[in-house]
Number of protein chains: 4
Amino acid sequence: MHGDCNKSMWGGRFTGSPDEFMLQFGASIGVDIELLDVDIAGSIAWAEALGKAGILTAEETGRIVSGLKLVHDTLRAELADGSFVPDYSLEDVHMTVESRLTGIIGDLGSKLHTGRSRNDQVALDERLYLLGALDSIAVMITELEQVIVARAEEHIDTIVPAYTHLQQAQPVRLGHYLMAWFWMLARDKERFAGARKRADSMPLGSGAVAGCGFAVDRDFLAGKLGFSGMTSVSENSIDATADRDYLIETLAAASILMMHLSRICEDLIIWSSAEFGFAQLSERYSTGSSMMPQKKNPDSLELVRGKTGRVYGNLMAILTVMKGLPFSYGKDMQEDKEPLFDTVRTLSGCLRIMHGAIGEITFDAARMEAAFDSGVFATDIADYLTAKGLPFRKAHEVTGRLVRWAQEHGVTLSAVPPDVFREHSALFGDDVMELFDLGKSTDRRSLKGGTGRQALVDQIASARAVLRGEIKE
Amino acid sequence: MHGDCNKSMWGGRFTGSPDEFMLQFGASIGVDIELLDVDIAGSIAWAEALGKAGILTAEETGRIVSGLKLVHDTLRAELADGSFVPDYSLEDVHMTVESRLTGIIGDLGSKLHTGRSRNDQVALDERLYLLGALDSIAVMITELEQVIVARAEEHIDTIVPAYTHLQQAQPVRLGHYLMAWFWMLARDKERFAGARKRADSMPLGSGAVAGCGFAVDRDFLAGKLGFSGMTSVSENSIDATADRDYLIETLAAASILMMHLSRICEDLIIWSSAEFGFAQLSERYSTGSSMMPQKKNPDSLELVRGKTGRVYGNLMAILTVMKGLPFSYGKDMQEDKEPLFDTVRTLSGCLRIMHGAIGEITFDAARMEAAFDSGVFATDIADYLTAKGLPFRKAHEVTGRLVRWAQEHGVTLSAVPPDVFREHSALFGDDVMELFDLGKSTDRRSLKGGTGRQALVDQIASARAVLRGEIKE
Amino acid sequence: MHGDCNKSMWGGRFTGSPDEFMLQFGASIGVDIELLDVDIAGSIAWAEALGKAGILTAEETGRIVSGLKLVHDTLRAELADGSFVPDYSLEDVHMTVESRLTGIIGDLGSKLHTGRSRNDQVALDERLYLLGALDSIAVMITELEQVIVARAEEHIDTIVPAYTHLQQAQPVRLGHYLMAWFWMLARDKERFAGARKRADSMPLGSGAVAGCGFAVDRDFLAGKLGFSGMTSVSENSIDATADRDYLIETLAAASILMMHLSRICEDLIIWSSAEFGFAQLSERYSTGSSMMPQKKNPDSLELVRGKTGRVYGNLMAILTVMKGLPFSYGKDMQEDKEPLFDTVRTLSGCLRIMHGAIGEITFDAARMEAAFDSGVFATDIADYLTAKGLPFRKAHEVTGRLVRWAQEHGVTLSAVPPDVFREHSALFGDDVMELFDLGKSTDRRSLKGGTGRQALVDQIASARAVLRGEIKE
Amino acid sequence: MHGDCNKSMWGGRFTGSPDEFMLQFGASIGVDIELLDVDIAGSIAWAEALGKAGILTAEETGRIVSGLKLVHDTLRAELADGSFVPDYSLEDVHMTVESRLTGIIGDLGSKLHTGRSRNDQVALDERLYLLGALDSIAVMITELEQVIVARAEEHIDTIVPAYTHLQQAQPVRLGHYLMAWFWMLARDKERFAGARKRADSMPLGSGAVAGCGFAVDRDFLAGKLGFSGMTSVSENSIDATADRDYLIETLAAASILMMHLSRICEDLIIWSSAEFGFAQLSERYSTGSSMMPQKKNPDSLELVRGKTGRVYGNLMAILTVMKGLPFSYGKDMQEDKEPLFDTVRTLSGCLRIMHGAIGEITFDAARMEAAFDSGVFATDIADYLTAKGLPFRKAHEVTGRLVRWAQEHGVTLSAVPPDVFREHSALFGDDVMELFDLGKSTDRRSLKGGTGRQALVDQIASARAVLRGEIKE
């Protein structure tokens, strides 16, 4: 059976059959069936282009197109009810579709592949798949951005310690902290848009490597299939069949996005600890323990953080595959699909989880306020001295000594008596005590991008404008 | 339903149900069902240990063990006929098994998890799986080594150019070249053995993190489950539940092995080109083109070379997951299974393909000999002069000038007239022409590890002794 | 001494001195001195902004700016003559400059850091450095593109086998093959431009994390320092100090570029082998062997191919560093500089080497033509039958059988007698022999992106237009 | 000048000079001068072997050996006082040494390279360097292990929450927690020992690829240079010159070690936060902020955590370099040195920092105890019920409901009234309150590997025995 099947594809030159295991290990049908819809869309367009070029008659074109639609519906149904059994001798989705087509419309089906190679066909399929996936991802990032902006608006007046080195640094408005996530995601969206722009180029007509031997209208194909980039039709057949940049660039952008999510998760996991207590994940995004009855674990966040490894690994996998590969197509490149599909699935899942987890998390403003060590006002104190004319570096040193004094006397900075302040610098007036106010401290940082209330309100407005598309980031 | 199921596992403390999507995205049952056999083996041993400790009666132990065997057979049957439907609310293989067990033997089933956590349970399962996988891999490497030694023996007297920088360097016996692969694989086998040694440590009894609260006999468990390493029982419960070294070390050894295979493939792919023509892959390990009727492509070799990326990616994935993870167990670590299972499958497949491809490849001794540029004798010429007392660096320079002379006169080095030799150095006698003999050239390198005939025969004998286990590499 | 120095920076709060080794191991001055120019430029702008905000008097501003220029010239001179000795107690370039400044202008120097943190300062420095580096890289890519187009124009009528799977696939014009490289590089340039766009955002004024406590004019700073992106001033102080996307995105683009170069090198190395003989690298980009006098190795190409590993490693390094890092700044992030600097240096070097090597390489048209196996015409034959109405898949099979016939009879495809052709298919006419012409074969692929002569001429014209900036790729 | 220098090495066959930039970019002397000592040691042994083989006279051997020693001392002095200027035309340390030697002893120096190639020479140098480095690393790991055991002994009776998912899991003895680190490091040491075993094989005599053309005594060389592995002399000249496994395996072991350190750092960083307050890093391993006077940051720990990226990157770099490389030596392999040297330096530094930081860190037992949420006793409660005959899964559920009751009533678990306990299960007796004792809870986990006091004392004794070498791990 296998031999026969292969014969119909490329067996003419071969005398024997391939090794059974080799056939199975080398087949991609178990993976690339995910390309079914785009493969059929591409084949329909190709049949029409062959018709337009007079290589197929109108009647032949019509029968092939109808046949392809039927193949599509049949295979979709089999996939839905689990009855699809991959035939490894057909290797991949392309030959599976052609084989089914020929089963339905007879020999005419074997005219479909005229002037086409699987090399340009798979490049088309991957690009079409990617364009769709990138559109979905963009929507999901936007939804996550929206929930972040909404949570930020709720927490304009909640004050939380900002950390550097996981040590309390300065008070910031929680909304300001949350908005940091927004701008990270905004860049991610831009990067995916860049990848999309470069993926938006139609490779059909490149043949195996040298270009198609028939005069098909490539612009017709591009229009039909919805390609609309600057270079809507690829410029060079060798490049078109050898290139996987679109895919790698997407995985690189995905790695950066996952890195962002991993940082958000890290903070929320730490905030969810009993010791911090700043945040309570909803039960819907938590799990328990099979052994310890008291546990409510932030599993969803850890899972997303862990998925970062998977996406980095996928990037490294495809970079390794393509390194030092001779031109143009090599079988090595078949290894491009799993990293892509897996990354798209992982991203979708993680964005969805983050949307729910962030949307439903409870922030505990009281715990945040209670957590403050008054050392966080040290910069305000140094700034106070600086404003009174002391060179900053001196002001820093004086304040540092006050911090040490407080520590050695077992009191917080705000409990240091005014005369001790004055002993450290004559510049201190009674107004120094007014510095110890969380809200006022943040409002002293009211320049653009700062954590002051008005600056934050403006920042949120700016983000909303970006979301409405008014400002193109 | 889901809520109910979870309630039985860890729902007591929870008021609501988990998010449906979160449940599905976070569940590992789709992946870790691969651990079914070892999970059940571990549970049987655990039930017996609980019995031995008096926590279960003999009768209870017996019913649980029988129940587990039945669960095993049922699930195996469902997996075989495709009727198994994962219940995501049961999260993983462990709870799936427990749930099935309780379905069969009732409440008694819920005694099984006494003193155990999924944290030590999964560590056990992974280690048991790994020990089995490493044993299989060792056998497959040995089989590949055997075919290499056999092919090397066939080609003791075939001479092939050895390359550095893909430029012809010196003549070597093809058998000598093939034996280089043997020693690479011998090191791989050692590395996997090292990983196995460190995986051979029994973690059960570590509980979730602090150790089991019941006095089970861990040495009994180790013996029962076949652990026999130096540290057959893990020394520290926190380490035992937090550790994934065994898995990472295996993936690192796998990456090096794949790197080796990728290099072998690279050479054979180049040798299979029309331009080199040194090797003909059998049709069973080749494929054709859907467009170009003449093609016979070395797909199997390219596929193995490409799979290197996948394995590197898996290594990078798990290294990333574990980086900076707080102690002890985090959900991030659930991401450890796919890289492991995928790597084991990839390695098995690649070793099997290489075994077949190398076993059936045809080497073309005539093409190899015809390919020689007599420049490969340049080192012999320089050595000749050195033996006659010329400092080597001078001898090298004189020979280099001869090479240039030949090139400028459009002749091969062996066609340079004797008097031109003498013009370049008076040390040249008539015997210089005797240097231009492939076999003699190789035999001049007859020290241990060299390509001389006897050295090669000895080398093969030494490899055979290693294979027989007489010499422990 | 160290203690004193540190005291001036952050020692007020500390009672003791740091560990000597820790100081040295943790210091970045040995690496980040590369940021000297941009650090000083940033400090000059900052001083002016402080002046504009009335925090410094005009006279103070002037003295600081003059002092900074002097510090710059002094340090540059010390670096040039090798007399610069890093003082590890000053940690980094920022404190080294401030310390020098204070040494020159006294206490006034310690006013410079008012309202600024090293967290926003280093973000500024890295962005300024990167903008400059990206501009240089863009120029170098353009130069490489130009030499490629020039070589392609020389070889419009040279025909070379195109390979898939390193097996001869179809004849293509060498110029067409070379142009594939052009379009790869064009995408690289776009990717770097995207990274540049997102790097073009001014972070100063973000302070340590919460924003600057003084009302400096950030737009003034952006203008002064040449930032001109959409978001010329960063929107959020936490994001601005925590973000390293600009750097990672650059490394990802660099990895793809290196992958491209590695593929080009791979082909040229194979082409430079004695067996292929398609290309001769100039001696200026080759090296010899210390032992084998005949060797002329394509070292430059191998070196570039090898450097791919370094750049991938740099990308993985920084991705790992940033994974799961809590907000905002952590010392971990100090590890961002070496991967960046090393990548920029590597890219510059590799682009320069490739420019020279490709510019000077000699292509051997005769060897290319002689290398053709007439099997490469098989697609033309199948297309011929298809054009005569045979379904393509049948035509493919008939042609495959002809290839096998030729092989079994030990002749090339072009030497198969006409009647044997006709025995395989009655559709073959005498004109079948006309198919065996390299030039005509390529010209049959004259659609856009194909290897036909006119298509190639058009493609080159299109590339020239891209280079002139007429078409924005 | 350059041309002349190159002529002496491999210029005979060349007509022109290499490109200046290419020479510099391709030279490794700036990096591989680190191999100076081992390179000279190798050359001395080689000279003696040539003498023993009668290729050099005793007098020649003596003069070469003396000359090499002088070259060593001269270069060491130049390196120490900064006067060494690399001559790029000499490419690498090997030719730099030979050139210096010839400068001292004249033409005789050019006899040294007889029968040797830089291909086997660099393999020797790297192995010798690695053996030394691995010995140092082993010592540093041991020192770190010792400080860990010492700290663990101090804290046998300090109780700390053990975490899973960064949520309090169960009480453990701090000493038990610290001992987890010990066993991780013990495995690291084993892995490095495995790498060392495989590096301990002498490659000299392999020549460029085919073996040396002179009958040198390789066993003499191995003995002289201290190789003592099973395969003290490499078995195959092609493998010996193509292999870099030793180096990659070391980098893989280093990656796992760094992963371990990153996890230790993560915990200590979290513990050092104001919110946890479990640990105080000594000032000697902390730094301050240039802007915020109150900061005392755990920089040393963050730096080590960040260095993980660098080591992972190095591993990925060399894996990428070697992937798909044709046999035997390629210039790509020159890229192997920086990852190796950088990793060795990084490991040494990180181990030293960790030794100091862990040795001097202060643990705050009172804060640890105060942090406990009595939910950590939930497992004890479930175990209590289980011991009274309730199936574990039921006991888990009952306890979970108690946890929820406590939460809903705003009390800790230990404050739930006895009758509420009994309402949840009639099995609860008055003795349930005795469960709420940290020490007793840990002692209930007294099986091997558990956190019970005696188990911990035994564990420490076992570790001390490992350190004394009595138990070979």
# chains A, B, ... in the order shown; residues from 1 in each chain; ligands from 1
call {"tool": "select_by_dssp", "arguments": {"residues": "stretch 246-389 of chain C", "states": "strand (DSSP E)", "output": "VMD selection string"}}
result
chain C and resid 279 to 280 362 to 363
call {"tool": "interface_residues", "arguments": {"of": "chain A", "to": "chain C", "cutoff": "6 Å", "atoms": "only C-alpha atoms", "output": "count of residues only"}}
result
42
call {"tool": "residues_around", "arguments": {"residues": "A:Ile33", "least_positions_apart": "5", "cutoff": "10 Å", "atoms": "only C-alpha atoms", "output": "ChimeraX atom specification"}}
result
/A:28,39,75-76,79,86,92-94,96-97
call {"tool": "write_last_selection", "arguments": {"atoms": "N, CA and C atoms", "output": "mmCIF file, in the first residue's frame"}}
result
data_model
loop_
_atom_site.group_PDB
_atom_site.id
_atom_site.type_symbol
_atom_site.label_atom_id
_atom_site.label_comp_id
_atom_site.auth_asym_id
_atom_site.auth_seq_id
_atom_site.Cartn_x
_atom_site.Cartn_y
_atom_site.Cartn_z
ATOM 1 N N SER A 28 5.087 14.213 8.594
ATOM 2 C CA SER A 28 4.689 15.355 9.415
ATOM 3 C C SER A 28 3.178 15.461 9.548
ATOM 4 N N ASP A 39 -4.130 25.156 3.891
ATOM 5 C CA ASP A 39 -3.632 24.374 2.754
ATOM 6 C C ASP A 39 -4.707 24.305 1.674
ATOM 7 N N LEU A 75 -12.489 16.021 5.924
ATOM 8 C CA LEU A 75 -11.385 15.907 6.887
ATOM 9 C C LEU A 75 -11.717 16.626 8.192
ATOM 10 N N ARG A 76 -12.312 17.782 8.086
ATOM 11 C CA ARG A 76 -12.719 18.503 9.305
ATOM 12 C C ARG A 76 -13.657 17.629 10.153
ATOM 13 N N LEU A 79 -11.701 14.883 11.769
ATOM 14 C CA LEU A 79 -10.893 15.397 12.882
ATOM 15 C C LEU A 79 -11.778 15.666 14.084
ATOM 16 N N PRO A 86 -4.097 9.197 10.265
ATOM 17 C CA PRO A 86 -3.066 9.652 9.330
ATOM 18 C C PRO A 86 -2.456 8.484 8.571
ATOM 19 N N ASP A 92 2.415 14.150 4.514
ATOM 20 C CA ASP A 92 2.047 15.443 5.081
ATOM 21 C C ASP A 92 0.637 15.849 4.670
ATOM 22 N N VAL A 93 0.228 17.005 5.139
ATOM 23 C CA VAL A 93 -1.116 17.485 4.859
ATOM 24 C C VAL A 93 -1.318 17.711 3.353
ATOM 25 N N HIS A 94 -0.258 18.141 2.674
ATOM 26 C CA HIS A 94 -0.386 18.442 1.247
ATOM 27 C C HIS A 94 -0.773 17.193 0.449
ATOM 28 N N THR A 96 -1.886 14.396 1.672
ATOM 29 C CA THR A 96 -3.141 13.839 2.182
ATOM 30 C C THR A 96 -4.318 14.479 1.456
ATOM 31 N N VAL A 97 -4.268 15.784 1.314
ATOM 32 C CA VAL A 97 -5.347 16.489 0.613
ATOM 33 C C VAL A 97 -5.396 16.057 -0.856
#
call {"tool": "residues_around", "arguments": {"residues": "B:Gly359", "least_positions_apart": "4", "cutoff": "9 Å", "atoms": "only C-alpha atoms", "output": "list of chain:residue names"}}
result
B:Leu144, B:Val147, B:Ile148, B:Ala150, B:Arg151, B:Met354, B:His355
call {"tool": "residues_around", "arguments": {"residues": "stretch 278-283 of chain B", "least_positions_apart": "6", "cutoff": "6 Å", "atoms": "only C-alpha atoms", "output": "PyMOL selection string"}}
result
chain B and resi 271-272+360-364+367-368
call {"tool": "write_last_selection", "arguments": {"atoms": "C-alpha atoms", "output": "mmCIF file, in the first residue's frame"}}
result
data_model
loop_
_atom_site.group_PDB
_atom_site.id
_atom_site.type_symbol
_atom_site.label_atom_id
_atom_site.label_comp_id
_atom_site.auth_asym_id
_atom_site.auth_seq_id
_atom_site.Cartn_x
_atom_site.Cartn_y
_atom_site.Cartn_z
ATOM 1 C CA TRP B 271 29.165 12.771 0.555
ATOM 2 C CA SER B 272 25.791 11.995 -1.025
ATOM 3 C CA GLU B 360 22.575 0.243 4.385
ATOM 4 C CA ILE B 361 24.628 3.086 2.958
ATOM 5 C CA THR B 362 26.910 2.204 0.043
ATOM 6 C CA PHE B 363 30.382 3.713 0.015
ATOM 7 C CA ASP B 364 31.968 4.223 -3.394
ATOM 8 C CA ARG B 367 34.865 7.760 -6.385
ATOM 9 C CA MET B 368 36.792 8.352 -3.171
#
call {"tool": "atom_distance", "arguments": {"atom1": "atom CA of B:Thr343", "atom2": "atom CA of A:Lys307"}}
result
17.5 Å
call {"tool": "atom_distance", "arguments": {"atom1": "atom CA of D:Lys295", "atom2": "atom CA of A:Gln168"}}
result
7.8 Å
call {"tool": "residues_around", "arguments": {"residues": "A:Ala193", "least_positions_apart": "4", "cutoff": "9 Å", "atoms": "only C-alpha atoms", "output": "ChimeraX atom specification"}}
result
/A:134-135,138,188-189,197-198
call {"tool": "residues_around", "arguments": {"residues": "B:Arg345", "least_positions_apart": "4", "cutoff": "12 Å", "atoms": "only C-alpha atoms", "output": "list in words"}}
result
Phe25 of chain A; Glu34, Leu130, Ala133, Leu134, Ser136, Ile137, Ala254, Lys307, Arg310, Val311, Glu338, Pro339, Leu340, Phe341, Gly349, Cys350, Leu351 and Arg352 of chain B
call {"tool": "write_last_selection", "arguments": {"atoms": "N, CA, C and O atoms", "output": "PDB file, in the first residue's frame"}}
result
ATOM      1  N   PHE A  25       8.518   8.128  11.113  1.00  0.00           N
ATOM      2  CA  PHE A  25       9.315   9.114  11.860  1.00  0.00           C
ATOM      3  C   PHE A  25       9.474  10.391  11.043  1.00  0.00           C
ATOM      4  O   PHE A  25       9.531  11.495  11.577  1.00  0.00           O
TER       5      PHE A  25
ATOM      6  N   GLU B  34       1.683   9.206  30.030  1.00  0.00           N
ATOM      7  CA  GLU B  34       2.849   8.392  29.646  1.00  0.00           C
ATOM      8  C   GLU B  34       3.507   7.739  30.868  1.00  0.00           C
ATOM      9  O   GLU B  34       4.244   6.770  30.738  1.00  0.00           O
ATOM     10  N   LEU B 130      12.659   7.432  33.663  1.00  0.00           N
ATOM     11  CA  LEU B 130      13.968   7.773  33.126  1.00  0.00           C
ATOM     12  C   LEU B 130      14.909   6.577  33.158  1.00  0.00           C
ATOM     13  O   LEU B 130      15.656   6.332  32.200  1.00  0.00           O
ATOM     14  N   ALA B 133      14.017   4.476  30.316  1.00  0.00           N
ATOM     15  CA  ALA B 133      14.380   5.108  29.045  1.00  0.00           C
ATOM     16  C   ALA B 133      15.883   5.059  28.823  1.00  0.00           C
ATOM     17  O   ALA B 133      16.360   4.790  27.713  1.00  0.00           O
ATOM     18  N   LEU B 134      16.640   5.310  29.886  1.00  0.00           N
ATOM     19  CA  LEU B 134      18.100   5.310  29.746  1.00  0.00           C
ATOM     20  C   LEU B 134      18.621   3.926  29.406  1.00  0.00           C
ATOM     21  O   LEU B 134      19.592   3.782  28.659  1.00  0.00           O
ATOM     22  N   SER B 136      16.990   1.704  27.595  1.00  0.00           N
ATOM     23  CA  SER B 136      16.710   1.517  26.164  1.00  0.00           C
ATOM     24  C   SER B 136      17.692   2.277  25.297  1.00  0.00           C
ATOM     25  O   SER B 136      18.181   1.773  24.283  1.00  0.00           O
ATOM     26  N   ILE B 137      17.966   3.502  25.687  1.00  0.00           N
ATOM     27  CA  ILE B 137      18.886   4.315  24.893  1.00  0.00           C
ATOM     28  C   ILE B 137      20.268   3.677  24.855  1.00  0.00           C
ATOM     29  O   ILE B 137      20.915   3.645  23.805  1.00  0.00           O
ATOM     30  N   ALA B 254      21.803  14.173  25.986  1.00  0.00           N
ATOM     31  CA  ALA B 254      21.091  13.976  24.722  1.00  0.00           C
ATOM     32  C   ALA B 254      21.486  15.047  23.703  1.00  0.00           C
ATOM     33  O   ALA B 254      21.620  14.762  22.510  1.00  0.00           O
ATOM     34  N   LYS B 307      16.550  17.446  13.904  1.00  0.00           N
ATOM     35  CA  LYS B 307      16.030  17.111  15.242  1.00  0.00           C
ATOM     36  C   LYS B 307      16.975  17.611  16.345  1.00  0.00           C
ATOM     37  O   LYS B 307      16.581  17.695  17.514  1.00  0.00           O
ATOM     38  N   ARG B 310      15.493  20.520  18.095  1.00  0.00           N
ATOM     39  CA  ARG B 310      14.440  20.154  19.044  1.00  0.00           C
ATOM     40  C   ARG B 310      15.030  19.770  20.412  1.00  0.00           C
ATOM     41  O   ARG B 310      14.541  20.205  21.460  1.00  0.00           O
ATOM     42  N   VAL B 311      16.078  18.998  20.383  1.00  0.00           N
ATOM     43  CA  VAL B 311      16.658  18.531  21.646  1.00  0.00           C
ATOM     44  C   VAL B 311      17.376  19.684  22.366  1.00  0.00           C
ATOM     45  O   VAL B 311      17.241  19.845  23.585  1.00  0.00           O
ATOM     46  N   GLU B 338       7.152  17.325  29.093  1.00  0.00           N
ATOM     47  CA  GLU B 338       7.201  17.275  27.632  1.00  0.00           C
ATOM     48  C   GLU B 338       8.624  17.291  27.082  1.00  0.00           C
ATOM     49  O   GLU B 338       8.929  16.506  26.181  1.00  0.00           O
ATOM     50  N   PRO B 339       9.502  18.164  27.587  1.00  0.00           N
ATOM     51  CA  PRO B 339      10.884  18.103  27.079  1.00  0.00           C
ATOM     52  C   PRO B 339      11.510  16.726  27.273  1.00  0.00           C
ATOM     53  O   PRO B 339      12.252  16.244  26.416  1.00  0.00           O
ATOM     54  N   LEU B 340      11.206  16.096  28.400  1.00  0.00           N
ATOM     55  CA  LEU B 340      11.799  14.782  28.662  1.00  0.00           C
ATOM     56  C   LEU B 340      11.237  13.733  27.712  1.00  0.00           C
ATOM     57  O   LEU B 340      11.995  13.035  27.022  1.00  0.00           O
ATOM     58  N   PHE B 341       9.913  13.631  27.660  1.00  0.00           N
ATOM     59  CA  PHE B 341       9.309  12.588  26.823  1.00  0.00           C
ATOM     60  C   PHE B 341       9.683  12.808  25.358  1.00  0.00           C
ATOM     61  O   PHE B 341      10.010  11.871  24.629  1.00  0.00           O
ATOM     62  N   GLY B 349      14.106   7.486  18.026  1.00  0.00           N
ATOM     63  CA  GLY B 349      13.874   7.529  16.588  1.00  0.00           C
ATOM     64  C   GLY B 349      15.150   7.782  15.809  1.00  0.00           C
ATOM     65  O   GLY B 349      15.439   7.104  14.823  1.00  0.00           O
ATOM     66  N   CYS B 350      15.923   8.741  16.272  1.00  0.00           N
ATOM     67  CA  CYS B 350      17.139   9.106  15.535  1.00  0.00           C
ATOM     68  C   CYS B 350      18.161   7.975  15.566  1.00  0.00           C
ATOM     69  O   CYS B 350      18.825   7.703  14.557  1.00  0.00           O
ATOM     70  N   LEU B 351      18.294   7.328  16.719  1.00  0.00           N
ATOM     71  CA  LEU B 351      19.259   6.229  16.792  1.00  0.00           C
ATOM     72  C   LEU B 351      18.840   5.092  15.864  1.00  0.00           C
ATOM     73  O   LEU B 351      19.676   4.478  15.184  1.00  0.00           O
ATOM     74  N   ARG B 352      17.558   4.857  15.808  1.00  0.00           N
ATOM     75  CA  ARG B 352      17.058   3.784  14.941  1.00  0.00           C
ATOM     76  C   ARG B 352      17.279   4.125  13.467  1.00  0.00           C
ATOM     77  O   ARG B 352      17.719   3.275  12.682  1.00  0.00           O
TER      78      ARG B 352
END
call {"tool": "atom_distance", "arguments": {"atom1": "atom CA of C:Leu347", "atom2": "atom CA of C:Gly175"}}
result
25.2 Å
call {"tool": "select_by_dssp", "arguments": {"residues": "stretch 179-383 of chain B", "states": "alpha helix (DSSP H)", "output": "PyMOL selection string"}}
result
chain B and resi 179-199+218-225+237-242+245-271+299-322+337-360+365-371+378-383
